[in-house]
Amino acid sequence: RLDALVMVGGFEGYLAMYNVSLGKGTHAALDIPIICIPATISSNCPWSDASIGCDRGVANLVDAVDKVKQSAVSVRRCFIVECMGAKCGYLAFMGALVCGAEAVLLNEDRVSLADIARHLDDVRARFAGALDAYDDDEASDGGVDDDDACRELAEHSRTCIIIKNETASEGLFTSGFLKQLFEREGGAMFDVRTSVLGHLQQGGAPTVTDRFRAARFAKAAFDFVQEFQNTGIHRFTTSPSVAIGEIGGSMVFTNLHKLPHDVDMSKRRPLRQWWSGLRSTYARLSQPYGGYN
């Protein structure tokens with residue numbers, strides 16, 4: 001006998017619980033509270049700013065990129081780092097924002113050849129700008145740097161990081177293809193390396209943030225079950241089939257029957273992703289020196 005069903009998992013788990021909830025009118029045994037708790041590093045579940053495990057996933061990506069930068073600081077090198085996330089760009093974008101990556105390629109953007117050409121031009125401009133700044137410094141009187149910005153530019157452009165979601169171009173522009181293209185066009189100005197993180201992003205102990213979020217979700221789930229069993233209703237919803245989420249720091253309960261209306265089933269991600277509002281900020285921060293004032 002089941003009194004309630006609490007599912008902790010990702011998008012496929014949500015879809016399974018949605019299908020189970022559709023059978024409540026047919027099977028009396030299914031007439032119980034059903035609660036979904038988001039737990040996936042991709043953070044592609046609807047109705048929540050984040051999921052259990054996504055902080056660990058971003059932390060693993062940031063740690064890998066930091067190590068890549070350290071390995072490339074002595075040479076002029078462009079790194080293409082491919083990360084997980086399926087067709088949701090949360091991991092790649094948040095990692096790029098936190099790492100200070102020069103570019104990020106997402107499935108949401110439908111990456112085109114024109115986009116690749118633009119990124120290639122940006123990379124060449126960065127390394128060329130660093131070389132020009134260095135040459136100007138060497139030519140100055142006494143060889144003394146009178147312009148701190150030139151020094152910062154030269155230091156900054158020793159490396160270039162491009163973070164690519166694993167499905168950014170639906171298999172068309174692979175990391176290997178991008179490496180060969182950038183290497184050919186970069187010539188002697190810089191070389192190119194790739195790093196495919198794969199399932200390394202899934203490993204590691206949960207972060208403090210993940211553990212705290214899991215505890216909040218668990219408390220909200222069991223409070224929901226208890227209140228529904230005692231009164232037959234809940235103060236936030238009258239539906240016994242819900243998904244718990246965290247939006248703006250608050251716990252929210254959403255009717256699971258809204259799933260087909262709020263997600264892109266083919267892409268396995270929400271139709272509205274809160275982090276998309278940070279895209280313009282990232283675009284400004286990723287510009288080379290002199291690109292904004």
# chains A, B, ... in the order shown; residues from 1 in each chain; ligands from 1
>>> select_by_dssp(residues="segment 42-255 of chain A", states="strand (DSSP E)", output="VMD selection string")
chain A and resid 77 to 83 103 to 105 159 to 165 191 to 196 241 to 247 250 to 255
>>> write_last_selection(atoms="N, CA and C atoms", output="short mmCIF file (atom, residue, chain, number, x, y, z; two decimals), in the first residue's frame")
data_model
loop_
_atom_site.label_atom_id
_atom_site.label_comp_id
_atom_site.auth_asym_id
_atom_site.auth_seq_id
_atom_site.Cartn_x
_atom_site.Cartn_y
_atom_site.Cartn_z
N ARG A 77 47.26 29.96 -26.36
CA ARG A 77 46.48 28.77 -26.68
C ARG A 77 45.00 29.02 -26.48
N CYS A 78 44.21 28.49 -27.41
CA CYS A 78 42.76 28.53 -27.31
C CYS A 78 42.26 27.15 -26.92
N PHE A 79 41.44 27.09 -25.88
CA PHE A 79 40.89 25.83 -25.42
C PHE A 79 39.40 25.77 -25.73
N ILE A 80 38.97 24.66 -26.32
CA ILE A 80 37.55 24.39 -26.53
C ILE A 80 37.15 23.32 -25.52
N VAL A 81 36.33 23.71 -24.55
CA VAL A 81 35.93 22.81 -23.47
C VAL A 81 34.49 22.37 -23.70
N GLU A 82 34.27 21.08 -23.89
CA GLU A 82 32.93 20.56 -24.12
C GLU A 82 32.37 19.98 -22.83
N CYS A 83 31.17 20.40 -22.47
CA CYS A 83 30.56 19.95 -21.22
C CYS A 83 29.23 19.26 -21.48
N ALA A 103 33.75 32.79 -24.93
CA ALA A 103 32.58 32.47 -25.76
C ALA A 103 31.92 31.22 -25.22
N VAL A 104 30.63 31.09 -25.50
CA VAL A 104 29.88 29.90 -25.11
C VAL A 104 28.95 29.52 -26.25
N LEU A 105 28.91 28.23 -26.56
CA LEU A 105 28.08 27.71 -27.64
C LEU A 105 26.97 26.86 -27.03
N THR A 159 45.50 33.18 -23.18
CA THR A 159 44.61 32.05 -23.35
C THR A 159 43.23 32.53 -23.81
N CYS A 160 42.49 31.62 -24.39
CA CYS A 160 41.11 31.91 -24.79
C CYS A 160 40.30 30.64 -24.53
N ILE A 161 39.21 30.78 -23.79
CA ILE A 161 38.38 29.64 -23.43
C ILE A 161 37.02 29.73 -24.14
N ILE A 162 36.68 28.69 -24.85
CA ILE A 162 35.36 28.57 -25.47
C ILE A 162 34.67 27.35 -24.86
N ILE A 163 33.54 27.56 -24.21
CA ILE A 163 32.80 26.45 -23.61
C ILE A 163 31.65 26.06 -24.55
N LYS A 164 31.58 24.78 -24.83
CA LYS A 164 30.61 24.27 -25.80
C LYS A 164 29.72 23.23 -25.13
N ASN A 165 28.41 23.45 -25.22
CA ASN A 165 27.46 22.43 -24.80
C ASN A 165 27.57 21.24 -25.75
N ASP A 191 47.75 28.21 -30.81
CA ASP A 191 47.37 26.84 -31.11
C ASP A 191 46.08 26.51 -30.36
N VAL A 192 45.52 25.35 -30.65
CA VAL A 192 44.19 25.01 -30.14
C VAL A 192 44.22 23.62 -29.51
N ARG A 193 43.53 23.47 -28.40
CA ARG A 193 43.37 22.19 -27.74
C ARG A 193 41.90 22.00 -27.37
N THR A 194 41.48 20.76 -27.26
CA THR A 194 40.11 20.47 -26.83
C THR A 194 40.14 19.68 -25.53
N SER A 195 39.08 19.83 -24.76
CA SER A 195 38.92 19.08 -23.52
C SER A 195 37.45 18.70 -23.38
N VAL A 196 37.16 17.41 -23.50
CA VAL A 196 35.78 16.91 -23.38
C VAL A 196 35.62 16.32 -21.98
N SER A 241 -0.98 16.22 -7.36
CA SER A 241 0.18 15.89 -8.19
C SER A 241 0.94 17.18 -8.47
N VAL A 242 2.10 17.33 -7.86
CA VAL A 242 2.82 18.60 -7.96
C VAL A 242 4.32 18.37 -8.18
N ALA A 243 4.97 19.43 -8.60
CA ALA A 243 6.43 19.49 -8.65
C ALA A 243 6.87 20.61 -7.71
N ILE A 244 7.85 20.31 -6.89
CA ILE A 244 8.39 21.31 -5.96
C ILE A 244 9.56 22.01 -6.63
N GLY A 245 9.64 23.31 -6.49
CA GLY A 245 10.75 24.06 -7.05
C GLY A 245 11.17 25.19 -6.14
N GLU A 246 12.30 25.77 -6.48
CA GLU A 246 12.82 26.92 -5.74
C GLU A 246 12.93 28.09 -6.72
N ILE A 247 12.13 29.11 -6.51
CA ILE A 247 12.14 30.28 -7.38
C ILE A 247 12.32 31.52 -6.52
N SER A 250 12.25 30.98 -2.72
CA SER A 250 11.03 30.48 -2.08
C SER A 250 10.63 29.13 -2.68
N MET A 251 10.02 28.28 -1.85
CA MET A 251 9.50 27.01 -2.32
C MET A 251 8.19 27.24 -3.05
N VAL A 252 8.04 26.65 -4.23
CA VAL A 252 6.81 26.78 -5.01
C VAL A 252 6.31 25.38 -5.37
N PHE A 253 4.99 25.25 -5.50
CA PHE A 253 4.35 23.99 -5.87
C PHE A 253 3.57 24.23 -7.15
N THR A 254 3.86 23.43 -8.17
CA THR A 254 3.21 23.60 -9.48
C THR A 254 2.48 22.32 -9.86
N ASN A 255 1.27 22.50 -10.36
CA ASN A 255 0.45 21.37 -10.80
C ASN A 255 1.19 20.62 -11.91
#
>>> residues_around(residues="Ser21 of chain A", least_positions_apart="6", cutoff="9 Å", atoms="only C-alpha atoms", output="number ranges by chain")
A: 30-31, 34, 240-241, 256-257
>>> write_last_selection(atoms="C-alpha atoms", output="PDB file, in the first residue's frame")
ATOM      1  CA  LEU A  30      -2.939   5.947  -7.926  1.00  0.00           C
ATOM      2  CA  ASP A  31      -5.201   8.404  -6.111  1.00  0.00           C
ATOM      3  CA  ILE A  34       2.600  12.588  -6.172  1.00  0.00           C
ATOM      4  CA  PRO A 240      -2.374  16.117  -5.337  1.00  0.00           C
ATOM      5  CA  SER A 241       0.180  15.892  -8.190  1.00  0.00           C
ATOM      6  CA  LEU A 256       2.153  18.532 -12.657  1.00  0.00           C
ATOM      7  CA  HIS A 257      -0.573  18.593 -15.311  1.00  0.00           C
TER       8      HIS A 257
END
>>> closest_residue(among="A:Phe11, A:Trp47, A:Phe177, A:Tyr18", to="Arg272 of chain A", atoms="only C-alpha atoms")
A:Trp47
>>> atom_distance(atom1="atom CA of Cys45 of chain A", atom2="atom CA of Ala220 of chain A")
17.3 Å
>>> residues_around(residues="Ala39 of chain A", least_positions_apart="4", cutoff="9 Å", atoms="only C-alpha atoms", output="PyMOL selection string")
chain A and resi 8-11+43+45+50-54+214
>>> residues_around(residues="segment 60-72 of chain A", least_positions_apart="4", cutoff="6 Å", atoms="only C-alpha atoms", output="PDB file with C-alpha atoms, in the first residue's frame")
ATOM      1  CA  GLY A  95      30.156  27.809 -16.250  1.00  0.00           C
ATOM      2  CA  CYS A  99      34.886  31.154 -15.463  1.00  0.00           C
ATOM      3  CA  GLN A 201      31.089  16.430 -14.454  1.00  0.00           C
TER       4      GLN A 201
END
>>> closest_residue(among="A:Gln226, A:Ser112, A:Thr207, A:Gln202", to="Glu170 of chain A", atoms="only C-alpha atoms")
A:Ser112
>>> select_by_dssp(residues="segment 21-270 of chain A", states="helix (DSSP H, G or I)", output="ChimeraX atom specification")
/A:21-22,28-30,54-72,90-99,107-109,113-139,141-143,148-156,175-186,198-202,208-231,256-262
